[in-house]
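Here's the structure we're looking at; comments come further down.
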Amino acid sequence: MSFQPVLLWSDALLFVLFAAIFALAFWARRQEALRAAWGRVARDPVAMAAATVLAAFIVVGLLDSLHYRARLDVKPGEPVRYAVEVHSALDALLAGMRSRGEKTYSAPLATHLYSKEALADSAQREFPRLKHGGAHLGKDLSGHEFDIAVRVSRGCAGGLVVWLLLVAAWCRLRGVEVIEMLKVGAGGTAIRPVVLTLLPILLLLGIAISLGGGYHVFGTDKVGQDVLYLSLKSIRTGLLIGTLTTLVMLPLAVLLGILAGYVGGWVDDVIQYLYTTLSSIPGVLLIAAAVLMMQVIIDTHPEWFATSAERADARLLALCLILGMTSWTGVARLLRGETLKLRELEFVQAAQAFGVGRFAIMRRHILPNLMHIVLIALVMDFSGLVLAEAVLSYVGVGVDPSTISFGTMINTARMELAREPMVWWSLAAAFSFMFALVLAANLFADAVRDAFDPRASA
Amino acid sequence: MLAYIIRRLLYAIPILIGVNLLTFALFFVVNTPDDMARMQLGVKRVTPEAIEKWKAERGYDKPLLWNAKAGGSAAVTDTILFAKSVRMFVGDFGRADDGRDIAREITTRMGPSLAIAVPTFVLGLFVAISFALLLVFFRATTLDFAGVVLCVAMMSISGLFYIIGGQWLVSKVWHLAPISGYGGGLDAAKFLILPVIIGVFGGIGASTRWYRTIFLEEITRDYVRTARAKGLPERVVLFRHVLRNAMIPILTGVVVVIPTLFMGSLLTESFFGIPGLGSYTIDAINAQDFAVVRSMVFIGSVLYIVGLLLTDISYTLADPRVRLQ
């Protein structure tokens, strides 16, 4: 094999999580009530459009989670060796973008470097040409704008063709007329917003591919890395923090919340004391304190980690763990309150009268009736966590500085705002990617809440 | 009522002890002072003597819980738990790494923090409630829908963007306010305008949406229908009836924040260079000054508990039916 697969802990957890989501979705298809609720989500065009955007982000994130180490070229007869740095499938796809680094900053689609330098062949300091950005133009730069226009239209055309092919294939499979499906109020309403959202995504993708072949679409950063590449790599970090944190938090919140509400007595007192104490510490400070301590542990035990990728990964997981430990209190409190209500209802009392055991009641009768709260908490927390990552990285208690994330991108770009002319592109790219991800998550979360919250249906 | 307050204050004691033990465990048991010394000194300069010196300077060279060498009551008091954690209850936070008294530093930095946090809070509350009432007044119209979409979009924007974008637009492009800094007395006003406006602006999305939900829930009640049936104009219904009845859920979310205003805002203060408690905390985190972080955790929880108590008391002011016993 020309590469050695590497499974980082966070990759494994992410794949387990998505497998679990698919399994749950499969199971939910056969549950009448759940199917009805998800049906309400599917009939909401905004929710479906948001889900499509989210799915695009998730595909990028999952591609970025297939890690490997490339094989090094060795002379025949020598033992096989693998590269030290760990790459992902996304890196392989974007190999061109990753390797075509410049010297330092360059503006989006630029042909020249951002700062002047003394060149060998002239007495004055001038803007040197970029090594890769616009290199295919040669000496004559008069065709620069024209070339960009050609590439944009070529990318648009490519995106459009792919979109048409996809739509045609889907219609063929389902035996629907293309025009029928795109009409307002057509039978398969759930698919219409998906298809319409797919179009701009594919167009943008086409433009990015076509322009990215010859230019740096979002410019380059201080050390000359392509900003578009960095933004795409940041998606995985954001997704991980948004999902794994909830994964850590949920079992704790569900278990303790139900126990406190159903068992009552001293158990309730202890659990209430626990979450009141934890929630009385201001969130950022508790996270900061825990992260500082984690840093000390990681720094004093360098022997635990074979590669720097593993160390950064461990730090990312620890951050998720810490965020989860500090954020379970709110959900636990909600679940406790709801359990208190459920405990007094007839079906629970009937189960008690039949002699069903405590834990069987909690599992069979209480837990299924709390799932909507759990689901709502899961989707509502996601966007907040993605935003929190950026803030925490700024405060200095976020992900490892070597991990590419929106937070680290913003943090490094922030220093450059004072320069003249301003270096705005890294910030703009990080903020727009983050905005798209969080907005899609927020819109989707709203639809899920409306569909599952019995109070909201009024 | 007085008996209730006293009882609530007594309840606070075990919680504060819990917070104290938690921070103690985090800072001294999970990592021993030796680990911290090694990390702060860096790899190169680590010698047993240097570690001992570092610990002695900060008073970390005592046993954790029980000092067997000291006799009598000193066996309990001459320990890290007592010297570093228990002393916090009487407001003795010890010294920061730069040798300054933390309690003193906190009292001087409280002023600038409040000067930003209080106007932001009051103005933000006013603006968000007004917008929410406006949306509810035009509920189920295009304006309401557009307003909600705008709110969701605004809350999807990172808080960092509001600060960075605001600084760039207002200070750099329009030259309307200084980009950062702080001055004493009336001079402070010109430094405060920008952070306050940005703080209010950044919070509008989430809070307007939240108040709108509260008002919409209230507007389906019977008393609202009665008020309309009496022929009251919608304006009066909203201001005199709905707003008042929505006070309880509003107070639940709002009053608890008031005491924590003392803590300042981490982001705003550090971006605008305001010498308040927020930037103090950030500096401490970046310099890994554990004593300061520990003190701020403790103060934060005290203020939060005070906030919970104030919330209960405010219920009785807003709704005469609520009685605390």
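Ordering of the structure tokens sets the chain letters (A, B, ...), residue numbers begin anew at 1 in every chain, and ligands are numbered from 1 in the order given.
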
Tell me as a PyMOL selection string which residues belonging to chain A come within 8 Å of chain B, counting only C-alpha atoms. chain A and resi 273+276-278+280-282+285-286+288-290+292-293+296-297+299-300+383+387+390-391+395-397+414+431+434-435+438-439+442-443

Write out as a short mmCIF file (atom, residue, chain, number, x, y, z; two decimals) with C-alpha atoms, in the first residue's frame which residues come within 9 Å of region 213-218 of chain A when counting only C-alpha atoms, dropping same-chain ones fewer than 5 positions away.
```
data_model
loop_
_atom_site.label_atom_id
_atom_site.label_comp_id
_atom_site.auth_asym_id
_atom_site.auth_seq_id
_atom_site.Cartn_x
_atom_site.Cartn_y
_atom_site.Cartn_z
CA GLY A 96 -2.61 21.37 -5.28
CA MET A 97 -3.92 24.05 -2.98
CA ARG A 100 1.21 25.78 -3.81
CA SER A 106 -1.34 37.90 -1.10
CA ALA A 107 -4.80 39.26 -1.79
CA PRO A 108 -7.58 37.06 -3.21
CA LEU A 109 -6.97 36.28 -6.92
CA ALA A 110 -3.84 38.41 -6.88
CA THR A 111 -0.85 37.96 -9.13
CA HIS A 132 1.72 30.11 -8.28
CA GLY A 133 -1.11 32.65 -8.25
CA GLY A 134 -1.69 33.64 -11.89
CA ALA A 135 1.59 32.06 -12.94
CA HIS A 136 -0.03 30.62 -16.07
CA ALA A 208 -13.72 27.43 -6.57
CA ASP A 226 -3.97 29.20 0.86
CA VAL A 227 -6.80 30.67 2.94
CA LEU A 228 -9.51 28.63 1.20
CA TYR A 229 -7.63 25.47 2.16
CA TRP A 425 -9.18 38.19 3.51
CA SER A 426 -8.39 35.54 6.15
CA ALA A 428 -13.48 37.49 5.92
CA ALA A 429 -13.09 33.86 4.85
#
```

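With only C-alpha atoms as the atoms that count, the residue of A:Val348, A:Ser115, A:Val254, A:Asp44 with the shortest distance to Arg419 (chain A) is A:Ser115.
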
Selection near region 111-128 of chain B, 9 Å with only C-alpha atoms, sequence-local residues under 4 positions removed, as a ChimeraX atom specification: /B:107,132-133,182,184,188,192-193,195-201,203-209,211,254,258,261-265,268-269,274-278

Write a file of the selected residues as a short mmCIF file (atom, residue, chain, number, x, y, z; two decimals), in the first residue's frame, keeping N, CA, C and O atoms.
```cif
data_model
loop_
_atom_site.label_atom_id
_atom_site.label_comp_id
_atom_site.auth_asym_id
_atom_site.auth_seq_id
_atom_site.Cartn_x
_atom_site.Cartn_y
_atom_site.Cartn_z
N THR B 107 -10.58 45.44 43.34
CA THR B 107 -11.39 46.62 43.68
C THR B 107 -11.07 47.79 42.75
O THR B 107 -11.98 48.54 42.39
N ALA B 132 -38.64 43.52 20.39
CA ALA B 132 -39.50 42.34 20.54
C ALA B 132 -40.97 42.77 20.55
O ALA B 132 -41.81 42.16 19.90
N LEU B 133 -41.26 43.87 21.29
CA LEU B 133 -42.65 44.35 21.33
C LEU B 133 -43.10 44.78 19.94
O LEU B 133 -44.24 44.55 19.54
N TYR B 182 -8.49 53.78 27.49
CA TYR B 182 -9.38 54.13 28.58
C TYR B 182 -8.83 55.35 29.29
O TYR B 182 -7.63 55.52 29.38
N GLY B 184 -9.62 58.28 32.74
CA GLY B 184 -10.39 58.47 33.96
C GLY B 184 -11.42 59.58 33.79
O GLY B 184 -11.36 60.38 32.85
N ALA B 188 -13.51 59.25 30.04
CA ALA B 188 -13.78 57.84 29.75
C ALA B 188 -14.91 57.70 28.74
O ALA B 188 -14.94 56.74 27.98
N LEU B 192 -15.83 54.81 25.90
CA LEU B 192 -16.86 53.82 26.21
C LEU B 192 -17.89 53.67 25.12
O LEU B 192 -18.50 52.62 24.99
N ILE B 193 -18.10 54.75 24.32
CA ILE B 193 -19.20 54.73 23.35
C ILE B 193 -19.14 53.50 22.46
O ILE B 193 -20.11 52.74 22.35
N PRO B 195 -17.40 50.47 22.57
CA PRO B 195 -17.66 49.14 23.12
C PRO B 195 -19.11 48.94 23.54
O PRO B 195 -19.65 47.85 23.36
N VAL B 196 -19.75 50.00 24.07
CA VAL B 196 -21.14 49.84 24.50
C VAL B 196 -22.03 49.59 23.29
O VAL B 196 -22.86 48.67 23.29
N ILE B 197 -21.84 50.39 22.23
CA ILE B 197 -22.68 50.21 21.04
C ILE B 197 -22.48 48.82 20.46
O ILE B 197 -23.45 48.12 20.13
N ILE B 198 -21.23 48.39 20.37
CA ILE B 198 -20.97 47.06 19.80
C ILE B 198 -21.57 45.97 20.68
O ILE B 198 -22.17 45.01 20.19
N GLY B 199 -21.43 46.15 22.00
CA GLY B 199 -22.00 45.16 22.92
C GLY B 199 -23.51 45.05 22.74
O GLY B 199 -24.06 43.95 22.68
N VAL B 200 -24.19 46.20 22.64
CA VAL B 200 -25.64 46.20 22.47
C VAL B 200 -26.00 45.55 21.13
O VAL B 200 -26.86 44.67 21.05
N PHE B 201 -25.30 45.97 20.09
CA PHE B 201 -25.59 45.49 18.74
C PHE B 201 -25.42 43.97 18.64
O PHE B 201 -26.25 43.27 18.06
N GLY B 203 -25.71 41.77 20.89
CA GLY B 203 -26.65 40.98 21.68
C GLY B 203 -28.07 41.03 21.18
O GLY B 203 -28.92 40.26 21.62
N ILE B 204 -28.36 41.97 20.25
CA ILE B 204 -29.75 42.21 19.86
C ILE B 204 -30.41 40.94 19.32
O ILE B 204 -31.51 40.58 19.75
N GLY B 205 -29.74 40.24 18.40
CA GLY B 205 -30.36 39.10 17.74
C GLY B 205 -30.94 38.09 18.70
O GLY B 205 -32.14 37.83 18.70
N ALA B 206 -30.06 37.53 19.56
CA ALA B 206 -30.51 36.47 20.44
C ALA B 206 -31.57 36.97 21.41
O ALA B 206 -32.60 36.32 21.61
N SER B 207 -31.36 38.14 22.01
CA SER B 207 -32.29 38.54 23.07
C SER B 207 -33.64 38.98 22.49
O SER B 207 -34.67 38.69 23.08
N THR B 208 -33.65 39.65 21.34
CA THR B 208 -34.94 40.03 20.76
C THR B 208 -35.78 38.79 20.49
O THR B 208 -36.97 38.75 20.79
N ARG B 209 -35.13 37.77 19.95
CA ARG B 209 -35.88 36.55 19.63
C ARG B 209 -36.42 35.91 20.90
O ARG B 209 -37.55 35.43 20.95
N TYR B 211 -37.15 37.41 23.83
CA TYR B 211 -38.27 38.19 24.38
C TYR B 211 -39.51 38.02 23.53
O TYR B 211 -40.63 37.97 24.04
N VAL B 254 -32.86 37.82 33.45
CA VAL B 254 -32.11 39.07 33.47
C VAL B 254 -31.43 39.33 34.80
O VAL B 254 -30.25 39.67 34.85
N ILE B 258 -27.16 40.47 36.63
CA ILE B 258 -26.73 41.77 37.15
C ILE B 258 -25.46 41.70 38.02
O ILE B 258 -24.50 42.41 37.74
N LEU B 261 -22.17 41.33 36.27
CA LEU B 261 -21.66 42.46 35.49
C LEU B 261 -20.32 42.93 36.04
O LEU B 261 -19.49 43.47 35.32
N PHE B 262 -20.13 42.71 37.36
CA PHE B 262 -18.87 43.12 37.98
C PHE B 262 -17.67 42.44 37.31
O PHE B 262 -16.58 42.98 37.29
N MET B 263 -17.92 41.25 36.81
CA MET B 263 -16.81 40.48 36.25
C MET B 263 -16.32 41.07 34.93
O MET B 263 -15.26 40.72 34.46
N GLY B 264 -17.15 41.90 34.33
CA GLY B 264 -16.74 42.50 33.07
C GLY B 264 -16.86 41.50 31.92
O GLY B 264 -17.22 40.35 32.12
N SER B 265 -16.57 41.98 30.72
CA SER B 265 -16.65 41.10 29.57
C SER B 265 -15.24 40.82 29.07
O SER B 265 -14.47 41.73 28.84
N THR B 268 -14.75 42.09 25.09
CA THR B 268 -14.81 43.54 24.88
C THR B 268 -13.63 44.22 25.54
O THR B 268 -12.95 45.05 24.94
N GLU B 269 -13.38 43.85 26.80
CA GLU B 269 -12.33 44.57 27.53
C GLU B 269 -10.96 44.33 26.92
O GLU B 269 -10.13 45.24 26.87
N ILE B 274 -9.45 47.95 27.90
CA ILE B 274 -10.01 48.58 29.09
C ILE B 274 -9.50 47.84 30.33
O ILE B 274 -9.58 46.61 30.39
N PRO B 275 -8.93 48.58 31.27
CA PRO B 275 -8.30 47.92 32.42
C PRO B 275 -9.32 47.41 33.43
O PRO B 275 -9.33 47.86 34.58
N GLY B 276 -10.20 46.52 33.03
CA GLY B 276 -11.22 46.01 33.94
C GLY B 276 -10.91 44.59 34.36
O GLY B 276 -9.82 44.07 34.11
N LEU B 277 -11.90 43.94 34.99
CA LEU B 277 -11.67 42.59 35.49
C LEU B 277 -11.62 41.57 34.35
O LEU B 277 -10.94 40.55 34.46
N GLY B 278 -12.33 41.85 33.26
CA GLY B 278 -12.31 40.92 32.13
C GLY B 278 -10.93 40.81 31.54
O GLY B 278 -10.41 39.71 31.33
#
```

Please return, as a PyMOL selection string, all residues of region 232-305 of chain B that DSSP assigns to alpha helix (DSSP H) on the basis of the backbone. chain B and resi 234-236+243-245+247-254+257-260+266-272+277-286+290-305

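Selecting strand (DSSP E) from the backbone DSSP output for region 45-91 of chain A yields His67, Tyr68, Arg69, Ala70, His87 and Ser88 of chain A.
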
Next, write the just-selected residues to a file, as a short mmCIF file (atom, residue, chain, number, x, y, z; two decimals), in the first residue's frame, keeping C-alpha atoms as the atom set.
```
data_model
loop_
_atom_site.label_atom_id
_atom_site.label_comp_id
_atom_site.auth_asym_id
_atom_site.auth_seq_id
_atom_site.Cartn_x
_atom_site.Cartn_y
_atom_site.Cartn_z
CA HIS A 67 -6.37 10.25 7.95
CA TYR A 68 -3.34 8.52 6.54
CA ARG A 69 0.43 8.73 6.42
CA ALA A 70 1.94 8.64 2.97
CA HIS A 87 -2.82 13.93 6.11
CA SER A 88 -6.47 13.41 5.38
#
```

Quick one: everything within 10 Å of Ile5 (chain B), counting only C-alpha atoms, minus sequence neighbours fewer than 5 positions away in the same chain. Send it as a VMD selection string. chain B and resid 10 to 11 309 to 310 312 to 313 324 to 325

Quick check, in Å to one decimal: how far apart do CA of Tyr105 (chain A) and CA of Gln225 (chain A) lie?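 We find that CA of Tyr105 (chain A) and CA of Gln225 (chain A) lie 8.5 Å from each other.
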